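**Student:** Next up is a structure, given as structure tokens.
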Amino acid sequence: MSVTWRSNAPPPGMARVTPLGWLLVAGRGVALCVLLAVGLVVLLLLRALEWPFAGLRRPVSGHVNQIVSRAALAVLGLRVLRRGKPMPGRGALVANHSSWLDILVLNATARVFFVAKSEVARWPGIGWLARASGALFINRKGREARAQTVLFEARLRAGQQLLFFPEGTSTDGLRVLPFKPTLFAAFFAGDLPQILQIQPVSLRYVAPQGADARFYGWWGDMALGGHLLQMLAAQRHSFVELVFHPALHVADFPDRKALAMRAGEIVRSTAVP
């Protein structure tokens with residue numbers, strides 16, 4: 001993310017972790033570590049076996065991401081209420097971005113390959129997992145748009161479904177920022193507009209009863225460790241509503257700006273409380 005969104009209001013203060021909360025942190029934390037470690041080993045083994053004949057496609061290993069993400073959400077106790085379903089065929093999904101939890105929620109419900117900011121590749125642990133899962137790392141600076149288009153095009157022509165967050169940053173979950181059109185340029189290369197679709201996806205988190213409405217949001221200068229601790233220590237989680245909207249045909253739009261604007265309008269229609 002080249003731009004970090006910051007709210008005019010301070011983020012929710014970190015709640016004191018109770019003795020029961022610390023037990024939940026220990027239990028959930030160990031379960032997640034074991035889950036991720038086993039998932040990573042299985043993923044790497046399957047990827048090594050399928051690479052010679054599948055290349056960029058991941059017909060088998062792609063399912064590991066879904067299984068691990070579903071199990072991780074079950075460990076946390078965060079329910080996903082889904083409407084609609086992921087589109088078939090080539091293209092990409094675009095969604096609003098509220099939290100690192102978005103990655104688990106979307107991976108659990110769709111076989112996609114995330115487009116992430118280049119900094120994520122250098123994050124300890126998370127960067128390694130992202131690389132193993134096939135994430136595409138980019139720098140959102142405008143002068144590198146051409147290189148990004150080439151990377152996108154190679155993945156799309158290989159049949160991968162990409163997923164990215166056009167807002168360019170995460171928010172508190174109470175709004176959807178304007179979609180940046182830069183990454184949409186790749187979908188207008190050559191003959192791609194005739195064969196690709198873009199599916200808007202809305203995420204709306206509902207905070208646990210009595211909690212701040214921004215409970216699941218992670219933005220600005222909020223520390224990942226502190227937010228993760230709060231998620232692990234929560235005695236009861238609520239749910240996230242996930243809406244897969246009808247796909248948009250790229251060929252129906254004159255340019256990337258028009259496509260980005262329309263996708264943003266659709267996502268905003270159900271993502272904002």
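Residue numbering restarts at 1 in every chain; chains get A, B, ... in the order shown in the structure tokens, and ligands count up from 1 in that same order.
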Could you pull out all residues of segment 110-217 of chain A with a DSSP call of strand (DSSP E or B) and give them as JSON, numbers by chain?
**Tutor:** {"A": [113, 114, 115, 116, 117, 136, 137, 138, 161, 162, 163, 164, 197, 198, 199, 200, 201, 202, 203, 204, 205, 206]}
**Student:** Give me the residues near Gln66 of chain A as a list in words, where near means some atom within 10 Å (using only C-alpha atoms) and where sequence neighbours in that chain fewer than 6 positions away do not count.
**Tutor:**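 After dropping sequence-adjacent residues, the list is Ala72, Leu104, Val105, Leu106, Asn107, Ala108, Thr109, Ala110, Arg111 and Val112 of chain A.
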**Student:** Might you pull out every residue within 6 Å of Ser118 of chain A, with only C-alpha atoms counted and same-chain residues fewer than 6 positions away left off, and present them as a ChimeraX atom specification?
**Tutor:** /A:137-139
**Student:** Kindly save the residues from that selection, with N, CA and C atoms included, as a tab-separated table (two decimals), in the first residue's frame.
**Tutor:**
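Output below, filename out27.tsv:
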```tsv
chain	number	residue	atom	x	y	z
A	137	PHE	N	3.39	-9.81	-5.96
A	137	PHE	CA	3.79	-8.61	-5.24
A	137	PHE	C	4.06	-7.47	-6.22
A	138	ILE	N	3.51	-6.31	-5.91
A	138	ILE	CA	3.65	-5.17	-6.81
A	138	ILE	C	3.99	-3.91	-6.02
A	139	ASN	N	4.51	-2.94	-6.73
A	139	ASN	CA	4.70	-1.60	-6.20
A	139	ASN	C	3.67	-0.72	-6.89
```
**Student:** Can you list, as a list of chain:residue names, every protein, DNA or RNA residue that comes within 8 Å of segment 151-165 of chain A when you count only C-alpha atoms, leaving out same-chain residues fewer than 2 positions away?
**Tutor:**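 Skipping anything fewer than 2 positions along the chain leaves A:Leu56, A:Arg57, A:Gly89, A:Arg90, A:Gly91, A:Ala92, A:Leu93, A:Val94, A:Ala95, A:Asn96, A:His97, A:Arg111, A:Val112, A:Phe113, A:Phe114, A:Val115, A:Ala116, A:Ala147, A:Gln148, A:Thr149, A:Glu167, A:Gly168, A:Thr169, A:Ala186, A:Phe187, A:Ala189.
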**Student:** Which of these, A:Ala132, A:Ile198, A:Val42, A:Leu242, has the shortest distance to Arg262 of chain A once you count only C-alpha atoms?
**Tutor:** A:Ile198
**Student:** Could you give me the residues within segment 148-235 of chain A that DSSP places in alpha helix (DSSP H), as number ranges by chain?
**Tutor:** A: 148-157, 192-195, 224-233
**Student:** When distances are computed from only C-alpha atoms, which of A:Val38, A:Leu136, A:Leu232, A:Ile103 shows the smallest separation from Glu119 of chain A?
**Tutor:**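 The answer is A:Leu136, which sits nearest to Glu119 of chain A.
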**Student:** In Å, with one decimal, what is the gap from atom CA of His245 of chain A to atom CA of Ala258 of chain A?
**Tutor:**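 Between these atoms lies a distance of 17.4 Å.
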**Student:** So which one's closest to Ala185 of chain A, A:Asp255, A:Gln230, A:Phe239, A:Pro246? Using only C-alpha atoms, please.
**Tutor:** A:Asp255
**Student:** Neighbouring residues of segment 19-22 of chain A were defined as those with any atom within 10 Å, considering only C-alpha atoms; residues of the same chain fewer than 2 positions away were excluded. Please report them as a ChimeraX atom specification.
**Tutor:** /A:16-17,24-28,229-235
**Student:** Using only C-alpha atoms, which residues sit within 9 Å of Ser202 of chain A once same-chain residues fewer than 2 positions away are excluded, as a list in words?
**Tutor:**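 In the requested format, the answer is Val94, Ala95, Asn96, Pro200, Arg204, Glu241, Leu242, Val243, Phe244, His245, Ile266, Val267, Arg268, Ser269, Thr270, Ala271 and Val272 of chain A.
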**Student:** Have a look at A:Ser170, A:Ser238, A:Asn65, A:Thr182 and name the one nearest to Leu35 of chain A; count only C-alpha atoms.
**Tutor:** A:Asn65
**Student:** For Leu73 of chain A, which residue out of A:Gln199, A:His237, A:Ala121, A:Pro181 is the nearest one, using only C-alpha atoms?
**Tutor:**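 Closest candidate: A:His237.
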**Student:** Which of these residues is nearest to Val206 of chain A, using only C-alpha atoms: A:Ser98, A:Ser7, A:Thr18, A:Gln194?
**Tutor:**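 Closest candidate: A:Ser98.
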